[in-house]
file protein24.pdb (PDB, C-alpha atoms)
ATOM      1  CA  MET R 119     104.664 114.910 206.837
ATOM      2  CA  ASP R 120     105.395 111.178 207.102
ATOM      3  CA  THR R 121     104.662 110.226 210.714
ATOM      4  CA  SER R 122     106.977 107.227 210.302
ATOM      5  CA  ASN R 123     109.903 109.657 210.424
ATOM      6  CA  GLU R 124     109.433 110.202 214.135
ATOM      7  CA  ASP R 125     111.923 107.399 214.860
ATOM      8  CA  ILE R 126     114.857 109.191 213.210
ATOM      9  CA  SER R 127     116.331 112.470 214.403
ATOM     10  CA  ARG R 128     116.310 115.607 212.282
ATOM     11  CA  ASP R 129     120.039 116.150 212.819
ATOM     12  CA  HIS R 130     120.843 112.616 211.663
ATOM     13  CA  VAL R 131     118.794 112.982 208.480
ATOM     14  CA  ARG R 132     120.398 116.336 207.697
ATOM     15  CA  LYS R 133     123.872 114.883 208.256
ATOM     16  CA  VAL R 134     123.192 112.059 205.815
ATOM     17  CA  PHE R 135     121.778 114.287 203.085
ATOM     18  CA  ARG R 136     124.553 116.883 203.367
ATOM     19  CA  ALA R 137     127.139 114.108 203.044
ATOM     20  CA  MET R 138     125.333 112.824 199.949
ATOM     21  CA  LEU R 139     125.179 116.292 198.439
ATOM     22  CA  THR R 140     128.825 117.111 199.194
ATOM     23  CA  ALA R 141     129.972 113.795 197.748
ATOM     24  CA  ARG R 142     128.045 114.409 194.528
ATOM     25  CA  VAL R 143     129.576 117.880 194.108
ATOM     26  CA  LEU R 144     133.051 116.500 194.793
ATOM     27  CA  GLU R 145     132.689 113.558 192.433
ATOM     28  CA  ASN R 146     131.309 115.726 189.644
ATOM     29  CA  LYS R 147     134.512 117.743 189.971
ATOM     30  CA  LEU R 148     136.661 114.610 189.954
ATOM     31  CA  GLY R 149     134.926 113.456 186.786
ATOM     32  CA  SER R 150     135.682 116.777 185.115
ATOM     33  CA  LEU R 151     139.330 116.647 186.206
ATOM     34  CA  TYR R 152     139.641 113.120 184.820
ATOM     35  CA  LYS R 153     138.193 114.122 181.459
ATOM     36  CA  ALA R 154     140.585 117.083 181.369
ATOM     37  CA  GLY R 155     143.548 114.744 181.844
ATOM     38  CA  LYS R 156     144.373 116.085 185.309
ATOM     39  CA  ILE R 157     144.007 112.747 187.118
ATOM     40  CA  ALA R 158     146.206 109.713 186.514
ATOM     41  CA  GLY R 159     144.517 106.358 187.000
ATOM     42  CA  GLY R 160     140.819 105.632 187.146
ATOM     43  CA  VAL R 161     137.916 107.549 188.616
ATOM     44  CA  TYR R 162     135.018 105.521 190.027
ATOM     45  CA  LEU R 163     131.957 107.446 191.100
ATOM     46  CA  GLY R 164     129.211 106.583 193.570
ATOM     47  CA  LYS R 165     126.396 108.281 191.666
ATOM     48  CA  GLY R 166     123.195 106.507 192.638
ATOM     49  CA  GLN R 167     124.715 104.869 195.721
ATOM     50  CA  GLU R 168     125.015 107.928 197.980
ATOM     51  CA  ALA R 169     122.002 107.195 200.199
ATOM     52  CA  VAL R 170     123.235 103.689 201.019
ATOM     53  CA  SER R 171     126.796 104.793 201.638
ATOM     54  CA  ALA R 172     126.091 107.852 203.779
ATOM     55  CA  SER R 173     123.377 106.102 205.809
ATOM     56  CA  LEU R 174     125.798 103.405 206.941
ATOM     57  CA  ALA R 175     128.713 105.698 207.762
ATOM     58  CA  ALA R 176     126.495 108.191 209.607
ATOM     59  CA  CYS R 177     125.870 105.440 212.188
ATOM     60  CA  LEU R 178     129.602 105.158 212.903
ATOM     61  CA  ILE R 179     131.772 107.237 215.212
ATOM     62  CA  LYS R 180     135.162 108.333 213.882
ATOM     63  CA  GLY R 181     137.989 107.426 216.233
ATOM     64  CA  ARG R 182     136.061 104.642 217.931
ATOM     65  CA  ASP R 183     134.365 102.566 215.250
ATOM     66  CA  VAL R 184     135.839 100.906 212.152
ATOM     67  CA  TYR R 185     134.821 101.869 208.623
ATOM     68  CA  ALA R 186     136.222 100.362 205.438
ATOM     69  CA  PRO R 187     134.803 102.251 202.427
ATOM     70  CA  LEU R 188     135.082 101.012 198.857
ATOM     71  CA  ILE R 189     135.316 102.800 195.528
ATOM     72  CA  ARG R 190     131.736 104.146 195.486
ATOM     73  CA  ASP R 191     131.676 105.275 199.101
ATOM     74  CA  GLN R 192     132.636 108.939 198.931
ATOM     75  CA  ALA R 193     129.313 109.826 200.573
ATOM     76  CA  GLY R 194     130.162 107.415 203.375
ATOM     77  CA  ARG R 195     133.655 108.826 203.741
ATOM     78  CA  THR R 196     132.181 112.303 204.032
ATOM     79  CA  ALA R 197     129.590 111.202 206.591
ATOM     80  CA  PHE R 198     132.320 109.445 208.591
ATOM     81  CA  GLY R 199     134.317 112.669 208.732
ATOM     82  CA  GLU R 200     137.015 112.376 206.064
ATOM     83  CA  GLU R 201     138.358 115.786 205.053
ATOM     84  CA  LEU R 202     137.820 116.635 201.386
ATOM     85  CA  ILE R 203     141.480 117.606 201.086
ATOM     86  CA  ASP R 204     142.442 113.967 201.719
ATOM     87  CA  CYS R 205     140.457 113.002 198.631
ATOM     88  CA  THR R 206     141.740 115.707 196.297
ATOM     89  CA  ARG R 207     145.336 115.253 197.418
ATOM     90  CA  THR R 208     145.167 111.529 196.718
ATOM     91  CA  TYR R 209     143.521 111.882 193.309
ATOM     92  CA  LEU R 210     145.960 114.603 192.272
ATOM     93  CA  GLY R 211     149.046 112.801 193.588
ATOM     94  CA  SER R 212     150.066 115.279 196.276
ATOM     95  CA  VAL R 213     152.890 114.242 198.590
ATOM     96  CA  GLU R 214     150.894 115.885 201.393
ATOM     97  CA  GLY R 215     148.045 113.393 201.070
ATOM     98  CA  PRO R 216     147.346 110.527 203.462
ATOM     99  CA  MET R 217     149.148 108.077 201.133
ATOM    100  CA  ARG R 218     151.867 110.619 200.227
ATOM    101  CA  GLY R 219     151.265 110.038 196.535
ATOM    102  CA  ARG R 220     152.620 106.499 196.753
ATOM    103  CA  ASP R 221     149.455 104.543 196.020
ATOM    104  CA  GLY R 222     146.572 104.527 193.562
ATOM    105  CA  ASN R 223     144.200 107.457 193.789
ATOM    106  CA  ILE R 224     141.387 105.499 195.447
ATOM    107  CA  HIS R 225     143.509 103.548 197.948
ATOM    108  CA  ARG R 226     143.478 106.040 200.766
ATOM    109  CA  GLY R 227     142.677 105.816 204.437
ATOM    110  CA  ARG R 228     143.635 106.799 207.970
ATOM    111  CA  PRO R 229     143.828 103.605 210.051
ATOM    112  CA  ARG R 230     144.418 105.482 213.315
ATOM    113  CA  ASP R 231     141.020 107.143 212.816
ATOM    114  CA  GLY R 232     139.409 103.754 212.238
ATOM    115  CA  MET R 233     139.369 104.011 208.440
ATOM    116  CA  PRO R 234     141.781 101.560 206.782
ATOM    117  CA  ALA R 235     143.021 102.236 203.275
ATOM    118  CA  MET R 236     140.707 100.880 200.628
ATOM    119  CA  ILE R 237     141.486  97.458 199.139
ATOM    120  CA  SER R 238     140.422  96.823 195.555
ATOM    121  CA  HIS R 239     140.177  93.044 195.845
ATOM    122  CA  LEU R 240     136.529  92.070 196.215
ATOM    123  CA  GLY R 241     135.589  91.059 199.736
ATOM    124  CA  SER R 242     138.938  91.703 201.405
ATOM    125  CA  ALA R 243     137.519  94.521 203.531
ATOM    126  CA  ILE R 244     135.135  92.131 205.304
ATOM    127  CA  SER R 245     137.990  90.110 206.796
ATOM    128  CA  LEU R 246     139.946  93.294 207.477
ATOM    129  CA  VAL R 247     137.164  94.905 209.504
ATOM    130  CA  SER R 248     136.523  91.618 211.290
ATOM    131  CA  GLY R 249     140.199  91.430 212.210
ATOM    132  CA  MET R 250     140.217  94.983 213.509
ATOM    133  CA  LEU R 251     137.144  94.239 215.624
ATOM    134  CA  LEU R 252     138.737  91.076 216.994
ATOM    135  CA  ALA R 253     141.854  93.077 217.884
ATOM    136  CA  LYS R 254     139.701  95.539 219.821
ATOM    137  CA  ARG R 255     138.073  92.637 221.644
ATOM    138  CA  LEU R 256     141.458  91.207 222.634
ATOM    139  CA  ARG R 257     142.543  94.610 223.936
ATOM    140  CA  GLY R 258     139.350  95.006 225.913
ATOM    141  CA  GLU R 259     138.165  97.906 223.724
ATOM    142  CA  MET R 260     135.042  96.348 222.236
ATOM    143  CA  GLN R 261     132.413  98.020 224.417
ATOM    144  CA  GLY R 262     129.949  99.773 222.117
ATOM    145  CA  VAL R 263     132.194  99.466 219.060
ATOM    146  CA  LEU R 264     130.760  98.938 215.567
ATOM    147  CA  GLY R 265     132.359  98.021 212.266
ATOM    148  CA  GLY R 266     130.990  98.705 208.808
ATOM    149  CA  THR R 267     131.861  98.112 205.189
ATOM    150  CA  CYS R 268     130.055  98.061 201.858
ATOM    151  CA  VAL R 269     130.597  95.636 199.004
ATOM    152  CA  GLY R 270     128.967  95.163 195.620
ATOM    153  CA  ASP R 271     126.694  92.384 194.458
ATOM    154  CA  GLY R 272     129.600  90.838 192.554
ATOM    155  CA  CYS R 273     131.493  90.388 195.799
ATOM    156  CA  THR R 274     128.852  87.984 197.118
ATOM    157  CA  SER R 275     130.081  85.449 194.553
ATOM    158  CA  THR R 276     133.627  85.413 195.923
ATOM    159  CA  GLY R 277     135.404  83.280 198.484
ATOM    160  CA  SER R 278     136.457  86.354 200.413
ATOM    161  CA  PHE R 279     132.830  87.230 201.058
ATOM    162  CA  HIS R 280     132.173  83.753 202.424
ATOM    163  CA  GLU R 281     135.296  83.610 204.573
ATOM    164  CA  GLY R 282     134.876  87.109 205.975
ATOM    165  CA  LEU R 283     131.176  86.890 206.774
ATOM    166  CA  ASN R 284     131.495  83.353 208.135
ATOM    167  CA  THR R 285     134.249  84.469 210.527
ATOM    168  CA  ALA R 286     132.253  87.505 211.641
ATOM    169  CA  ALA R 287     129.217  85.309 212.261
ATOM    170  CA  VAL R 288     131.124  82.658 214.223
ATOM    171  CA  GLU R 289     132.748  85.354 216.387
ATOM    172  CA  LYS R 290     129.452  87.265 216.625
ATOM    173  CA  LEU R 291     131.197  90.507 215.721
ATOM    174  CA  PRO R 292     129.377  93.871 215.683
ATOM    175  CA  LEU R 293     129.598  94.261 211.913
ATOM    176  CA  VAL R 294     127.184  95.872 209.481
ATOM    177  CA  LEU R 295     127.933  94.499 206.021
ATOM    178  CA  THR R 296     126.114  96.328 203.261
ATOM    179  CA  VAL R 297     125.718  94.817 199.815
ATOM    180  CA  ALA R 298     125.112  97.538 197.256
ATOM    181  CA  ASN R 299     123.198  95.547 194.667
ATOM    182  CA  ASN R 300     123.581  97.832 191.673
ATOM    183  CA  GLN R 301     122.493  95.002 189.337
ATOM    184  CA  TYR R 302     125.868  94.560 187.620
ATOM    185  CA  ALA R 303     129.258  93.197 188.652
ATOM    186  CA  TYR R 304     131.096  95.535 186.299
ATOM    187  CA  SER R 305     129.195  94.421 183.142
ATOM    188  CA  THR R 306     127.888  91.047 184.374
ATOM    189  CA  PRO R 307     124.146  91.209 185.159
ATOM    190  CA  ASN R 308     122.672  89.575 188.240
ATOM    191  CA  ASP R 309     121.073  86.707 186.320
ATOM    192  CA  ARG R 310     124.535  85.568 185.221
ATOM    193  CA  GLN R 311     125.923  85.869 188.706
ATOM    194  CA  PHE R 312     123.542  84.163 191.160
ATOM    195  CA  VAL R 313     120.236  82.278 191.112
ATOM    196  CA  CYS R 314     118.856  82.905 194.589
ATOM    197  CA  ASP R 315     115.673  84.977 194.623
ATOM    198  CA  ASP R 316     117.248  87.756 196.691
ATOM    199  CA  LEU R 317     120.788  88.278 197.975
ATOM    200  CA  VAL R 318     119.391  88.863 201.461
ATOM    201  CA  ASP R 319     118.556  85.134 201.501
ATOM    202  CA  LYS R 320     122.278  84.523 202.008
ATOM    203  CA  ALA R 321     122.019  85.936 205.531
ATOM    204  CA  GLN R 322     120.191  82.856 206.771
ATOM    205  CA  GLY R 323     122.946  80.600 205.475
ATOM    206  CA  TYR R 324     125.477  82.382 207.664
ATOM    207  CA  GLY R 325     123.204  82.610 210.690
ATOM    208  CA  VAL R 326     123.017  86.395 210.619
ATOM    209  CA  ARG R 327     120.105  88.819 210.404
ATOM    210  CA  GLY R 328     119.278  90.111 206.926
ATOM    211  CA  HIS R 329     117.733  93.455 205.971
ATOM    212  CA  SER R 330     116.482  94.644 202.573
ATOM    213  CA  VAL R 331     116.095  98.263 201.509
ATOM    214  CA  ASP R 332     115.400 100.352 198.431
ATOM    215  CA  GLY R 333     118.787 101.975 197.901
ATOM    216  CA  THR R 334     117.238 104.926 196.061
ATOM    217  CA  ASP R 335     115.087 105.874 199.081
ATOM    218  CA  MET R 336     117.135 108.002 201.488
ATOM    219  CA  LEU R 337     114.788 107.843 204.458
ATOM    220  CA  ALA R 338     114.335 104.093 204.093
ATOM    221  CA  CYS R 339     118.120 103.656 203.977
ATOM    222  CA  ILE R 340     118.530 105.765 207.112
ATOM    223  CA  ARG R 341     115.962 103.732 209.037
ATOM    224  CA  VAL R 342     117.265 100.330 207.958
ATOM    225  CA  MET R 343     120.933 101.183 208.537
ATOM    226  CA  LYS R 344     120.186 102.617 211.967
ATOM    227  CA  ASN R 345     118.231  99.512 212.905
ATOM    228  CA  ALA R 346     121.057  97.253 211.731
ATOM    229  CA  ALA R 347     123.699  99.354 213.513
ATOM    230  CA  ASP R 348     121.714  99.396 216.770
ATOM    231  CA  ARG R 349     121.295  95.617 216.662
ATOM    232  CA  ALA R 350     125.001  95.032 215.998
ATOM    233  CA  ARG R 351     126.052  97.371 218.823
ATOM    234  CA  ALA R 352     123.608  95.612 221.148
ATOM    235  CA  GLY R 353     125.436  92.304 220.674
ATOM    236  CA  GLU R 354     123.216  90.635 218.082
ATOM    237  CA  GLY R 355     126.164  89.886 215.810
ATOM    238  CA  PRO R 356     126.682  90.747 212.136
ATOM    239  CA  GLN R 357     123.879  92.370 210.154
ATOM    240  CA  LEU R 358     123.666  91.918 206.380
ATOM    241  CA  VAL R 359     121.948  94.799 204.588
ATOM    242  CA  VAL R 360     121.122  94.390 200.900
ATOM    243  CA  ALA R 361     120.329  97.669 199.182
ATOM    244  CA  SER R 362     118.974  97.612 195.633
ATOM    245  CA  MET R 363     119.600 100.433 193.204
ATOM    246  CA  LEU R 364     121.273 101.053 189.863
ATOM    247  CA  ARG R 365     124.732 102.446 189.300
ATOM    248  CA  LEU R 366     124.019 105.675 187.421
ATOM    249  CA  THR R 367     127.418 105.764 185.730
ATOM    250  CA  GLY R 368     129.641 103.224 184.063
ATOM    251  CA  HIS R 369     131.918 101.070 186.189
ATOM    252  CA  GLY R 370     134.377 103.947 185.962
ATOM    253  CA  GLU R 371     134.667 107.175 184.026
ATOM    254  CA  HIS R 372     136.417 105.198 181.294
ATOM    255  CA  ASP R 373     133.256 103.089 180.800
ATOM    256  CA  ASP R 374     130.029 104.342 179.223
ATOM    257  CA  GLY R 375     127.849 101.639 180.799
ATOM    258  CA  SER R 376     126.225 100.843 177.451
ATOM    259  CA  TYR R 377     125.612  97.255 178.601
ATOM    260  CA  VAL R 378     123.015  98.374 181.188
ATOM    261  CA  ASP R 379     119.473  97.337 180.277
ATOM    262  CA  GLY R 380     117.439 100.362 179.209
ATOM    263  CA  GLU R 381     114.370  99.089 181.053
ATOM    264  CA  LEU R 382     116.364  99.054 184.287
ATOM    265  CA  ARG R 383     117.415 102.656 183.728
ATOM    266  CA  GLU R 384     113.749 103.644 183.419
ATOM    267  CA  SER R 385     112.633 101.579 186.411
ATOM    268  CA  GLU R 386     112.407 102.588 190.072
ATOM    269  CA  LEU R 387     115.926 101.203 190.517
ATOM    270  CA  GLY R 388     117.158 103.947 188.194
ATOM    271  CA  ARG R 389     116.009 106.788 190.446
ATOM    272  CA  ASP R 390     118.679 109.212 191.638
ATOM    273  CA  SER R 391     118.899 109.045 195.437
ATOM    274  CA  ILE R 392     119.926 112.708 195.528
ATOM    275  CA  ASP R 393     116.697 113.747 193.802
ATOM    276  CA  VAL R 394     114.648 111.459 196.030
ATOM    277  CA  GLY R 395     116.464 112.718 199.115
ATOM    278  CA  ARG R 396     115.976 116.364 198.189
ATOM    279  CA  ASP R 397     112.244 115.813 197.812
ATOM    280  CA  GLN R 398     112.088 113.957 201.139
ATOM    281  CA  MET R 399     114.042 116.694 202.927
ATOM    282  CA  ILE R 400     111.592 119.366 201.770
ATOM    283  CA  ARG R 401     108.383 117.345 201.986
ATOM    284  CA  ASN R 402     109.123 116.238 205.555
ATOM    285  CA  ASN R 403     110.374 119.643 206.747
ATOM    286  CA  PHE R 404     113.941 118.525 207.369
ATOM    287  CA  SER R 405     115.092 121.455 205.227
ATOM    288  CA  ASP R 406     113.905 123.740 202.432
ATOM    289  CA  GLU R 407     115.002 124.536 198.897
ATOM    290  CA  ALA R 408     116.870 127.702 199.878
ATOM    291  CA  GLU R 409     118.918 125.945 202.535
ATOM    292  CA  ILE R 410     119.743 123.030 200.244
ATOM    293  CA  THR R 411     120.858 125.435 197.522
ATOM    294  CA  GLY R 412     123.090 127.081 200.115
ATOM    295  CA  TRP R 413     124.577 123.708 201.044
ATOM    296  CA  GLU R 414     125.359 123.036 197.384
ATOM    297  CA  ALA R 415     127.093 126.403 197.028
ATOM    298  CA  GLU R 416     129.084 125.807 200.208
ATOM    299  CA  ALA R 417     130.106 122.336 199.002
ATOM    300  CA  ALA R 418     131.205 123.724 195.620
ATOM    301  CA  LYS R 419     133.338 126.352 197.335
ATOM    302  CA  THR R 420     134.941 123.822 199.681
ATOM    303  CA  VAL R 421     135.613 121.370 196.849
ATOM    304  CA  GLN R 422     137.187 124.048 194.671
ATOM    305  CA  ALA R 423     139.438 125.143 197.528
ATOM    306  CA  ALA R 424     140.524 121.553 198.165
ATOM    307  CA  VAL R 425     141.314 121.017 194.481
ATOM    308  CA  ALA R 426     143.253 124.284 194.245
ATOM    309  CA  GLN R 427     145.275 123.407 197.352
ATOM    310  CA  ALA R 428     146.169 119.920 196.088
ATOM    311  CA  GLN R 429     147.143 121.253 192.656
ATOM    312  CA  LYS R 430     149.696 123.595 194.248
ATOM    313  CA  GLU R 431     151.438 120.833 196.176
ATOM    314  CA  SER R 432     154.393 118.738 195.070
ATOM    315  CA  GLU R 433     154.237 115.235 193.703
ATOM    316  CA  PRO R 434     156.395 112.554 195.364
ATOM    317  CA  ASP R 435     160.023 112.359 194.254
ATOM    318  CA  PRO R 436     161.130 108.692 194.103
ATOM    319  CA  TYR R 437     164.753 109.770 194.466
ATOM    320  CA  GLN R 438     164.145 111.748 197.641
ATOM    321  CA  ASP R 439     161.560 109.586 199.437
ATOM    322  CA  ASP R 440     163.032 107.369 202.150
ATOM    323  CA  TRP R 441     160.368 104.719 201.423
ATOM    324  CA  ARG R 442     160.015 103.731 205.066
ATOM    325  CA  ALA R 443     156.644 102.597 206.375
ATOM    326  CA  PHE R 444     154.401 105.390 207.575
ATOM    327  CA  ALA R 445     154.245 103.783 211.005
ATOM    328  CA  THR R 446     156.263 101.023 212.619
ATOM    329  CA  PRO R 447     155.394  98.933 215.686
ATOM    330  CA  ASN R 448     156.927  99.959 218.980
ATOM    331  CA  ILE R 449     159.052  96.855 219.493
ATOM    332  CA  GLN R 450     161.349  96.826 222.521
ATOM    333  CA  GLY R 451     165.014  96.884 221.588
ATOM    334  CA  ARG R 452     164.519  98.558 218.191
TER     335      ARG R 452
END
call {"tool": "encode", "arguments": {"input": "protein24.pdb", "output": "structure tokens"}}
result
Amino acid sequence: MDTSNEDISRDHVRKVFRAMLTARVLENKLGSLYKAGKIAGGVYLGKGQEAVSASLAACLIKGRDVYAPLIRDQAGRTAFGEELIDCTRTYLGSVEGPMRGRDGNIHRGRPRDGMPAMISHLGSAISLVSGMLLAKRLRGEMQGVLGGTCVGDGCTSTGSFHEGLNTAAVEKLPLVLTVANNQYAYSTPNDRQFVCDDLVDKAQGYGVRGHSVDGTDMLACIRVMKNAADRARAGEGPQLVVASMLRLTGHGEHDDGSYVDGELRESELGRDSIDVGRDQMIRNNFSDEAEITGWEAEAAKTVQAAVAQAQKESEPDPYQDDWRAFATPNIQGR
């Protein structure tokens, strides 16, 4: 057993791995539905990024903290407490889903639970989470609150990244910003995107603490994310976590990823975090093979039930929908 694991709780590790495993089962199903023509729009999977995503979200508390997941953060959504039915309803266009079938299949969220709807534009979520944290501060609700979001390496080249992180740093907000460095911004490799030695070097330029982690290593991700989250909650300001791994799929299910360097695929960056995590769970006595197999079976059953439920539900009718906002401010006199 690795004695270095004494600083992380067994329950926390199990929560992270189960979220990773459930997300993989769910996304495998979504990929199959897409290929069968059952899903309109794109499908973007988080295969290879589960350890990073779940480790961040597992540090957050639903209903109190703020979490803005992106397209490869199903593991994080699961760890944060999103119901699988919200995902299947949105992908299958059910009027019963959180977006009522009005928006793209990945743009879902529940702001009242602290999870805003996903924004596709690179970097926008950083400013959004910062704004939500500032609002909590103004309302006197900041005590112990944490915000988190995850962006890709391509986002670090955008103005939104600069503006959002700079604001968070100036305001010393309790934000954990994870950069999932999967080596490609869609099909643009890192060496055509930035020339700094390591993206974590950008932390110093913004006056925030930087952390680096092997994104394929589940236990390392758990430790680093917990450290960053604890520091942010303690008032040390934003924490920038750069996690290195390789996206194990194309940019989306419509993309075969043929532009990815074969040597990268065969390198340590190409490891599957699920396989690494499974080995770590067993080797360190967090679980055993029989229990993990049971978790997989349970996840498959839950996913199938969520898909079946969403497929039975109605799609939105543009002629019947009243098209009012889901929620309106309580303004006196209206």
call {"tool": "closest_residue", "arguments": {"input": "protein24.pdb", "among": "R:Gly181, R:Gly282, R:Gly325, R:Pro187", "to": "Ser245 (chain R)", "atoms": "all atoms listed in the file"}}
result
R:Gly282
call {"tool": "residues_around", "arguments": {"input": "protein24.pdb", "residues": "His372 (chain R)", "least_positions_apart": "5", "cutoff": "9 Å", "atoms": "all atoms listed in the file", "output": "list in words"}}
result
Gly160, Val161 and Tyr162 of chain R
call {"tool": "write_last_selection", "arguments": {"input": "protein24.pdb", "atoms": "C-alpha atoms", "output": "CSV table (one decimal), in the frame of the given file"}}
result
chain,number,residue,atom,x,y,z
R,160,GLY,CA,140.8,105.6,187.1
R,161,VAL,CA,137.9,107.5,188.6
R,162,TYR,CA,135.0,105.5,190.0
call {"tool": "closest_residue", "arguments": {"input": "protein24.pdb", "among": "R:Pro307, R:Gly262, R:Gly222, R:Gly194", "to": "Arg351 (chain R)", "atoms": "all atoms listed in the file"}}
result
R:Gly262
call {"tool": "closest_residue", "arguments": {"input": "protein24.pdb", "among": "R:Leu256, R:Ala141, R:Leu387, R:Ala408", "to": "Met363 (chain R)", "atoms": "all atoms listed in the file"}}
result
R:Leu387
call {"tool": "resolve_selection", "arguments": {"input": "protein24.pdb", "expression": "the PyMOL selection byres ((chain R and resi 151) around 12)", "output": "ChimeraX atom specification"}}
result
/R:144-150,152-161,206,209-210,371,422,425-426,429
call {"tool": "write_last_selection", "arguments": {"input": "protein24.pdb", "atoms": "C-alpha atoms", "output": "CSV table (one decimal), keeping the file's coordinate frame"}}
result
chain,number,residue,atom,x,y,z
R,144,LEU,CA,133.1,116.5,194.8
R,145,GLU,CA,132.7,113.6,192.4
R,146,ASN,CA,131.3,115.7,189.6
R,147,LYS,CA,134.5,117.7,190.0
R,148,LEU,CA,136.7,114.6,190.0
R,149,GLY,CA,134.9,113.5,186.8
R,150,SER,CA,135.7,116.8,185.1
R,152,TYR,CA,139.6,113.1,184.8
R,153,LYS,CA,138.2,114.1,181.5
R,154,ALA,CA,140.6,117.1,181.4
R,155,GLY,CA,143.5,114.7,181.8
R,156,LYS,CA,144.4,116.1,185.3
R,157,ILE,CA,144.0,112.7,187.1
R,158,ALA,CA,146.2,109.7,186.5
R,159,GLY,CA,144.5,106.4,187.0
R,160,GLY,CA,140.8,105.6,187.1
R,161,VAL,CA,137.9,107.5,188.6
R,206,THR,CA,141.7,115.7,196.3
R,209,TYR,CA,143.5,111.9,193.3
R,210,LEU,CA,146.0,114.6,192.3
R,371,GLU,CA,134.7,107.2,184.0
R,422,GLN,CA,137.2,124.0,194.7
R,425,VAL,CA,141.3,121.0,194.5
R,426,ALA,CA,143.3,124.3,194.2
R,429,GLN,CA,147.1,121.3,192.7
call {"tool": "atom_distance", "arguments": {"input": "protein24.pdb", "atom1": "CA of Tyr324 (chain R)", "atom2": "CA of Ala286 (chain R)"}}
result
9.4 Å
call {"tool": "closest_residue", "arguments": {"input": "protein24.pdb", "among": "R:Thr334, R:Ser275, R:Thr367, R:Gln322", "to": "Glu386 (chain R)", "atoms": "only C-alpha atoms"}}
result
R:Thr334
call {"tool": "atom_distance", "arguments": {"input": "protein24.pdb", "atom1": "CA of Val170 (chain R)", "atom2": "CA of Val134 (chain R)"}}
result
9.6 Å
call {"tool": "resolve_selection", "arguments": {"input": "protein24.pdb", "expression": "the PyMOL selection byres ((chain R and resi 361) around 6)", "output": "NGL selection string"}}
result
:R and (298-299 or 330-333 or 360 or 362)
call {"tool": "residues_around", "arguments": {"input": "protein24.pdb", "residues": "Leu337 (chain R)", "least_positions_apart": "3", "cutoff": "8 Å", "atoms": "only C-alpha atoms", "output": "list in words"}}
result
Asn123, Val131, Ile340, Arg341, Gly395 and Gln398 of chain R
call {"tool": "write_last_selection", "arguments": {"input": "protein24.pdb", "atoms": "C-alpha atoms", "output": "PDB file, in the frame of the given file"}}
result
ATOM      1  CA  ASN R 123     109.903 109.657 210.424  1.00  0.00           C
ATOM      2  CA  VAL R 131     118.794 112.982 208.480  1.00  0.00           C
ATOM      3  CA  ILE R 340     118.530 105.765 207.112  1.00  0.00           C
ATOM      4  CA  ARG R 341     115.962 103.732 209.037  1.00  0.00           C
ATOM      5  CA  GLY R 395     116.464 112.718 199.115  1.00  0.00           C
ATOM      6  CA  GLN R 398     112.088 113.957 201.139  1.00  0.00           C
TER       7      GLN R 398
END
call {"tool": "closest_residue", "arguments": {"input": "protein24.pdb", "among": "R:Thr296, R:Ser242, R:Gln261, R:Ser376", "to": "Ala346 (chain R)", "atoms": "all atoms listed in the file"}}
result
R:Thr296
call {"tool": "axis_aligned_box", "arguments": {"input": "protein24.pdb", "around": "region 369-383 of chain R", "padding_each_side": "5 Å", "output": "lines of an AutoDock Vina configuration file"}}
result
center_x = 125.4
center_y = 102.2
center_z = 181.8
size_x = 32.0
size_y = 19.9
size_z = 18.7
call {"tool": "resolve_selection", "arguments": {"input": "protein24.pdb", "expression": "the PyMOL selection byres ((chain R and resi 430) around 12)", "output": "ChimeraX atom specification"}}
result
/R:206-207,210-214,423-429,431-433
call {"tool": "write_last_selection", "arguments": {"input": "protein24.pdb", "atoms": "C-alpha atoms", "output": "JSON list (two decimals), in the frame of the given file"}}
result
[["chain", "number", "residue", "atom", "x", "y", "z"],
["R", 206, "THR", "CA", 141.74, 115.71, 196.30],
["R", 207, "ARG", "CA", 145.34, 115.25, 197.42],
["R", 210, "LEU", "CA", 145.96, 114.60, 192.27],
["R", 211, "GLY", "CA", 149.05, 112.80, 193.59],
["R", 212, "SER", "CA", 150.07, 115.28, 196.28],
["R", 213, "VAL", "CA", 152.89, 114.24, 198.59],
["R", 214, "GLU", "CA", 150.89, 115.88, 201.39],
["R", 423, "ALA", "CA", 139.44, 125.14, 197.53],
["R", 424, "ALA", "CA", 140.52, 121.55, 198.16],
["R", 425, "VAL", "CA", 141.31, 121.02, 194.48],
["R", 426, "ALA", "CA", 143.25, 124.28, 194.24],
["R", 427, "GLN", "CA", 145.28, 123.41, 197.35],
["R", 428, "ALA", "CA", 146.17, 119.92, 196.09],
["R", 429, "GLN", "CA", 147.14, 121.25, 192.66],
["R", 431, "GLU", "CA", 151.44, 120.83, 196.18],
["R", 432, "SER", "CA", 154.39, 118.74, 195.07],
["R", 433, "GLU", "CA", 154.24, 115.24, 193.70]]
call {"tool": "closest_residue", "arguments": {"input": "protein24.pdb", "among": "R:Thr140, R:Ser248, R:Gln311, R:Ser305", "to": "Thr196 (chain R)", "atoms": "only C-alpha atoms"}}
result
R:Thr140
call {"tool": "residues_around", "arguments": {"input": "protein24.pdb", "residues": "Phe135 (chain R)", "least_positions_apart": "5", "cutoff": "9 Å", "atoms": "all atoms listed in the file", "output": "PyMOL selection string"}}
result
chain R and resi 130+140+168-169+172-173+336+392+395-396+399
call {"tool": "atom_distance", "arguments": {"input": "protein24.pdb", "atom1": "CA of Asp315 (chain R)", "atom2": "CA of His369 (chain R)"}}
result
24.4 Å
call {"tool": "residues_around", "arguments": {"input": "protein24.pdb", "residues": "Gly249 (chain R)", "least_positions_apart": "6", "cutoff": "12 Å", "atoms": "all atoms listed in the file", "output": "list in words"}}
result
Val184, Ala186, Pro234, Ser242, Ala243, Arg255, Leu256, Gly265, Glu281, Gly282, Leu283, Thr285, Ala286, Glu289, Leu291, Pro292 and Leu293 of chain R
